[in-house]
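Undergrad: Below you'll find the structure I mean.
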Amino acid sequence: MTTESTVRIAFLLFPDLTQLDLTGPAQVLTRVPGARVEYVAATLDPVPSDCELALVPTVTLADAAPADVLVVPGGDGAFDAMLDPAVVAFVRRQAEHATWVTSVCTGAFVLGAAGLLAGKRATTHWASKPMLAAFGATPVDERYVVDGAVVTAAGVSAGIDMALWLAAELAGQSAAERIQLQIEYDPHPPFDAGSAERADARVVTAARTAAESARGDRVGRAAAAVLR
């Protein structure tokens with residue numbers, strides 16, 4: 001648990017991110033005592049998410065100060081972001097100083113492109129998880145995975161779980177439990193259909209094949225750049 005009175009938390013924004021990957025953890029981490037939050041993007045123009053909700057940056061990649069915590073969301077835009085030299089350079093710079101470097105869903109691929117997953121256990125959205133191996137990572141079937149300073153969360157809603165764990169690391173379990181109660185995070189979904197472990201195996205296989213077909217080329221290019 002940090003003893004600093006201020007905790008600087010940077011959220012990375014890029015076009016076509018999945019907004020809940022960002023806003024779920026943000027609802028948790030902005031409530032951490034002493035949290036100072038910045039939303040970082042290439043410019044200060046609104047950034048479109050994959051559900052047409054635009055998000056407004058507070059600082060640019062070039063001007064962002066070193067943060068204690070970096071949060072990288074996912075979405076299909078992550079597979080373009082991981083090929084953007086400015087984004088990758090920003091993530092690398094932040095990782096040099098941050099206490100925690102985190103990702104939600106396919107944001108893990110941006111960490112991979114920055115060279116942060118080699119030799120690490122990591123997770124991401126189930127449909128794209130096998131492709132993490134291209135960056136030298138060991139894909140893990142867990143809700144969130146902590147390996148050193150790198151914390152990766154599985155798909156979308158798992159980002160809230162990861163953020164609550166991180167809140168406890170930053171401010172103690174009591175503070176994290178208060179935050180959980182404040183946001184009334186007590187999920188009871190109407191269907192037991194949210195896990196690839198319980199879904200129809202044929203559906204899972206087809207979805208993973210489709211993900212690799214749509215994203216595999218970009219993953220291969222990013223992996224070749226970082227591992228060469």
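Each chain of the structure tokens is named A, B, ... in the order shown, its residues numbered from 1; ligands are numbered from 1 in display order.
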Pick out the residues sitting within 8 Å of Ala167 of chain A, and hand them over as number ranges by chain; count only C-alpha atoms, and ignore anything fewer than 6 positions along from it in its own chain.

TA: A: 28-29, 32, 173, 175-176

Undergrad: Just the residues within 7 Å of segment 6-11 of chain A, please, counting only C-alpha atoms, with nothing from its chain fewer than 5 positions along; format it as a ChimeraX atom specification.

TA: /A:34-40,67-72

Undergrad: Write down as a PyMOL selection string the residues belonging to segment 77-116 of chain A that are assigned strand (DSSP E or B) by DSSP computed on the backbone.

TA: chain A and resi 100-104

Undergrad: I'd like to know which residues of segment 3-228 of chain A are helix (DSSP H, G or I) (by DSSP, run on the backbone); could you write them as number ranges by chain?

TA: A: 19-29, 78-81, 85-97, 105-113, 129-135, 158-171, 173-182, 201-227

Undergrad: Please, what distance in Å, to one decimal, runs between atom CA of Ala86 of chain A and atom CA of Pro46 of chain A?

TA: 17.8 Å

Undergrad: Near Asp147 of chain A, counting only C-alpha atoms, which residues have an atom at most 8 Å away, once you skip same-chain residues fewer than 2 positions from it, shown as a ChimeraX atom specification?

TA: /A:120-122,145,149-151

Undergrad: How would the residues just picked look written out with N, CA and C atoms as a short mmCIF file (atom, residue, chain, number, x, y, z; two decimals), in the first residue's frame?

TA:
```cif
data_model
loop_
_atom_site.label_atom_id
_atom_site.label_comp_id
_atom_site.auth_asym_id
_atom_site.auth_seq_id
_atom_site.Cartn_x
_atom_site.Cartn_y
_atom_site.Cartn_z
N LYS A 120 5.70 -12.94 -18.80
CA LYS A 120 4.68 -12.68 -17.80
C LYS A 120 3.47 -13.58 -18.00
N ARG A 121 2.79 -13.87 -16.89
CA ARG A 121 1.46 -14.45 -16.94
C ARG A 121 0.48 -13.31 -17.20
N ALA A 122 -0.49 -13.53 -18.08
CA ALA A 122 -1.39 -12.43 -18.42
C ALA A 122 -2.72 -12.98 -18.92
N VAL A 145 -4.94 -10.99 -13.44
CA VAL A 145 -3.66 -11.65 -13.19
C VAL A 145 -2.64 -10.60 -12.77
N ALA A 149 4.73 -5.91 -11.48
CA ALA A 149 4.04 -4.62 -11.54
C ALA A 149 2.96 -4.59 -12.62
N VAL A 150 2.83 -5.67 -13.36
CA VAL A 150 1.87 -5.73 -14.47
C VAL A 150 0.61 -6.47 -14.03
N VAL A 151 -0.53 -5.83 -14.22
CA VAL A 151 -1.82 -6.42 -13.86
C VAL A 151 -2.72 -6.38 -15.08
#
```

Undergrad: Within 7 Å of Pro139 of chain A, counting only C-alpha atoms, which residues show up once you throw out same-chain ones fewer than 3 positions away? Write them as an MDAnalysis selection string, please.

TA: chainID A and resid 121:123 129:130 132:133

Undergrad: What is the distance between atom CA of Asp192 of chain A and atom CA of Glu177 of chain A, in Å to one decimal?

TA: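 Atom CA of Asp192 of chain A sits 25.2 Å away from atom CA of Glu177 of chain A.
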
Undergrad: With only C-alpha atoms as the atoms that count, which of A:Arg92, A:Ala78, A:Ala214, A:Arg208 lies nearest to Gly115 of chain A?

TA: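 Ranking A:Arg92, A:Ala78, A:Ala214, A:Arg208 by distance to Gly115 of chain A, first place goes to A:Arg92.
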
Undergrad: Name all residues at most 10 Å from Ala127 of chain A (count only C-alpha atoms; drop same-chain ones fewer than 5 positions away) and give them as a list in words.

TA: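 My reading of the contact set: Thr106, Gly155, Ala196, Val204, Thr205, Ala206, Ala207, Arg208, Thr209, Ala210, Ala211 and Glu212 of chain A.
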
Undergrad: With distances taken over only C-alpha atoms, which residue among A:Leu20, A:Val140, A:Ala26, A:Ala114 lies nearest Ala163 of chain A?

TA: A:Ala26

Undergrad: Given only C-alpha atoms as the basis, pick out the residue of A:Ser195, A:Gln19, A:Ala134, A:Leu13 nearest to Phe90 of chain A.

TA: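 Distance minimum relative to Phe90 of chain A lands on A:Leu13.
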
Undergrad: Which polymer residues have any atom within 9 Å of an atom of segment 51-59 of chain A, counting only C-alpha atoms, with same-chain residues fewer than 2 positions away left out, as a ChimeraX atom specification?

TA: /A:12-13,16-19,38-49,61-64

Undergrad: So that I have them on file, write out the residues from the current selection with all heavy atoms, as a compact mmCIF listing (two decimals), in the first residue's frame.

TA:
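Contents of the output file again.txt:
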```txt
# COMPACT_ATOMS: atom_id res chain seq x y z
N LEU A 12 -5.39 5.65 -20.51
CA LEU A 12 -5.08 5.86 -21.92
C LEU A 12 -6.36 5.82 -22.75
O LEU A 12 -7.20 4.93 -22.58
CB LEU A 12 -4.11 4.78 -22.40
CG LEU A 12 -3.73 4.81 -23.89
CD1 LEU A 12 -2.97 6.10 -24.23
CD2 LEU A 12 -2.89 3.58 -24.25
N LEU A 13 -6.50 6.79 -23.65
CA LEU A 13 -7.65 6.83 -24.57
C LEU A 13 -7.15 6.67 -26.00
O LEU A 13 -6.10 7.20 -26.38
CB LEU A 13 -8.39 8.16 -24.46
CG LEU A 13 -8.90 8.62 -23.10
CD1 LEU A 13 -9.65 9.94 -23.26
CD2 LEU A 13 -9.79 7.59 -22.47
N ASP A 16 -12.11 3.91 -30.74
CA ASP A 16 -12.73 2.58 -30.73
C ASP A 16 -12.34 1.74 -29.52
O ASP A 16 -12.33 0.51 -29.59
CB ASP A 16 -12.43 1.82 -32.03
CG ASP A 16 -13.11 2.47 -33.23
OD1 ASP A 16 -14.23 2.98 -33.07
OD2 ASP A 16 -12.51 2.47 -34.32
N LEU A 17 -12.04 2.42 -28.41
CA LEU A 17 -11.88 1.66 -27.17
C LEU A 17 -13.26 1.25 -26.65
O LEU A 17 -14.27 1.87 -27.00
CB LEU A 17 -11.14 2.50 -26.11
CG LEU A 17 -11.80 3.78 -25.60
CD1 LEU A 17 -12.71 3.53 -24.41
CD2 LEU A 17 -10.76 4.81 -25.23
N THR A 18 -13.31 0.22 -25.82
CA THR A 18 -14.57 -0.17 -25.17
C THR A 18 -14.71 0.67 -23.91
O THR A 18 -13.90 0.58 -22.99
CB THR A 18 -14.55 -1.67 -24.82
OG1 THR A 18 -14.51 -2.41 -26.04
CG2 THR A 18 -15.80 -2.06 -24.04
N GLN A 19 -15.76 1.50 -23.89
CA GLN A 19 -15.83 2.51 -22.82
C GLN A 19 -15.90 1.91 -21.43
O GLN A 19 -15.35 2.48 -20.48
CB GLN A 19 -17.00 3.48 -23.08
CG GLN A 19 -18.38 2.90 -23.05
CD GLN A 19 -18.98 2.80 -21.67
OE1 GLN A 19 -18.52 3.44 -20.74
NE2 GLN A 19 -19.99 1.98 -21.53
N GLU A 38 -5.89 11.49 -14.73
CA GLU A 38 -5.77 12.12 -16.04
C GLU A 38 -6.20 11.14 -17.11
O GLU A 38 -5.99 9.92 -16.99
CB GLU A 38 -4.33 12.58 -16.29
CG GLU A 38 -3.87 13.71 -15.40
CD GLU A 38 -2.49 14.22 -15.75
OE1 GLU A 38 -1.64 13.38 -16.14
OE2 GLU A 38 -2.26 15.42 -15.61
N TYR A 39 -6.80 11.68 -18.16
CA TYR A 39 -7.23 10.89 -19.31
C TYR A 39 -6.37 11.33 -20.49
O TYR A 39 -6.44 12.48 -20.92
CB TYR A 39 -8.72 11.09 -19.58
CG TYR A 39 -9.58 10.63 -18.42
CD1 TYR A 39 -9.98 11.52 -17.43
CD2 TYR A 39 -9.93 9.28 -18.29
CE1 TYR A 39 -10.74 11.08 -16.34
CE2 TYR A 39 -10.68 8.85 -17.20
CZ TYR A 39 -11.08 9.76 -16.24
OH TYR A 39 -11.82 9.32 -15.16
N VAL A 40 -5.56 10.42 -21.00
CA VAL A 40 -4.48 10.77 -21.91
C VAL A 40 -4.78 10.27 -23.32
O VAL A 40 -5.14 9.11 -23.52
CB VAL A 40 -3.16 10.15 -21.43
CG1 VAL A 40 -1.99 10.70 -22.23
CG2 VAL A 40 -2.94 10.39 -19.93
N ALA A 41 -4.61 11.16 -24.31
CA ALA A 41 -4.83 10.79 -25.70
C ALA A 41 -3.86 11.55 -26.59
O ALA A 41 -3.12 12.43 -26.13
CB ALA A 41 -6.27 11.08 -26.11
N ALA A 42 -3.88 11.23 -27.88
CA ALA A 42 -2.95 11.87 -28.81
C ALA A 42 -3.17 13.38 -28.88
O ALA A 42 -2.22 14.16 -28.96
CB ALA A 42 -3.10 11.25 -30.19
N THR A 43 -4.45 13.80 -28.85
CA THR A 43 -4.80 15.22 -28.83
C THR A 43 -5.87 15.42 -27.76
O THR A 43 -6.31 14.47 -27.12
CB THR A 43 -5.36 15.66 -30.20
OG1 THR A 43 -6.67 15.12 -30.38
CG2 THR A 43 -4.45 15.21 -31.34
N LEU A 44 -6.31 16.66 -27.61
CA LEU A 44 -7.36 16.95 -26.64
C LEU A 44 -8.76 16.87 -27.26
O LEU A 44 -9.75 17.19 -26.60
CB LEU A 44 -7.14 18.33 -26.02
CG LEU A 44 -5.88 18.46 -25.16
CD1 LEU A 44 -5.76 19.88 -24.61
CD2 LEU A 44 -5.87 17.44 -24.03
N ASP A 45 -8.85 16.41 -28.50
CA ASP A 45 -10.15 16.23 -29.13
C ASP A 45 -10.88 15.05 -28.51
O ASP A 45 -10.24 14.07 -28.07
CB ASP A 45 -9.99 15.98 -30.64
CG ASP A 45 -9.40 17.17 -31.37
OD1 ASP A 45 -9.62 18.31 -30.90
OD2 ASP A 45 -8.72 16.95 -32.38
N PRO A 46 -12.24 15.09 -28.46
CA PRO A 46 -12.99 13.95 -27.96
C PRO A 46 -12.62 12.67 -28.70
O PRO A 46 -12.41 12.68 -29.92
CB PRO A 46 -14.45 14.35 -28.21
CG PRO A 46 -14.43 15.85 -28.19
CD PRO A 46 -13.12 16.23 -28.82
N VAL A 47 -12.55 11.57 -27.97
CA VAL A 47 -12.16 10.27 -28.54
C VAL A 47 -13.39 9.38 -28.63
O VAL A 47 -14.03 9.10 -27.60
CB VAL A 47 -11.09 9.60 -27.65
CG1 VAL A 47 -10.72 8.23 -28.20
CG2 VAL A 47 -9.86 10.48 -27.53
N PRO A 48 -13.75 8.91 -29.82
CA PRO A 48 -14.93 8.06 -29.96
C PRO A 48 -14.69 6.65 -29.43
O PRO A 48 -13.65 6.05 -29.70
CB PRO A 48 -15.18 8.03 -31.47
CG PRO A 48 -13.82 8.24 -32.07
CD PRO A 48 -13.09 9.16 -31.12
N SER A 49 -15.63 6.14 -28.64
CA SER A 49 -15.55 4.76 -28.18
C SER A 49 -16.29 3.85 -29.15
O SER A 49 -16.89 4.32 -30.13
CB SER A 49 -16.17 4.63 -26.78
OG SER A 49 -17.57 4.80 -26.85
N LEU A 61 -0.58 12.76 -24.97
CA LEU A 61 0.50 11.79 -24.77
C LEU A 61 1.83 12.51 -24.52
O LEU A 61 2.62 12.09 -23.67
CB LEU A 61 0.64 10.89 -26.00
CG LEU A 61 -0.54 9.98 -26.37
CD1 LEU A 61 -0.27 9.33 -27.72
CD2 LEU A 61 -0.75 8.91 -25.30
N ALA A 62 2.05 13.58 -25.26
CA ALA A 62 3.33 14.28 -25.17
C ALA A 62 3.49 15.02 -23.84
O ALA A 62 4.61 15.17 -23.34
CB ALA A 62 3.46 15.26 -26.33
N ASP A 63 2.36 15.48 -23.28
CA ASP A 63 2.44 16.33 -22.09
C ASP A 63 2.15 15.60 -20.77
O ASP A 63 2.29 16.19 -19.70
CB ASP A 63 1.47 17.50 -22.22
CG ASP A 63 1.87 18.46 -23.32
OD1 ASP A 63 3.06 18.49 -23.67
OD2 ASP A 63 0.98 19.17 -23.84
N ALA A 64 1.74 14.35 -20.83
CA ALA A 64 1.37 13.63 -19.62
C ALA A 64 2.57 13.41 -18.71
O ALA A 64 3.65 13.02 -19.15
CB ALA A 64 0.75 12.28 -19.98
```

Undergrad: Tell me, in Å to one decimal, how far atom CA of Ile160 of chain A is from atom CA of Ser213 of chain A.

TA: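 Going from atom CA of Ile160 of chain A over to atom CA of Ser213 of chain A, I get 28.8 Å.
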
Undergrad: Residues within 8 Å of Gly77 of chain A, please, as a list in words. Count only C-alpha atoms; anything in the same chain fewer than 2 positions from it doesn't count.

TA: Phe14, Pro15, Asp16, Leu17, Gly74, Gly75, Phe79, Asp80 and Ala81 of chain A

Undergrad: Could you check which of A:Leu164, A:Leu117, A:Cys105, A:Ala225 is closest to Asp76 of chain A, using only C-alpha atoms?

TA: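 Among the listed residues, the smallest separation from Asp76 of chain A belongs to A:Cys105.
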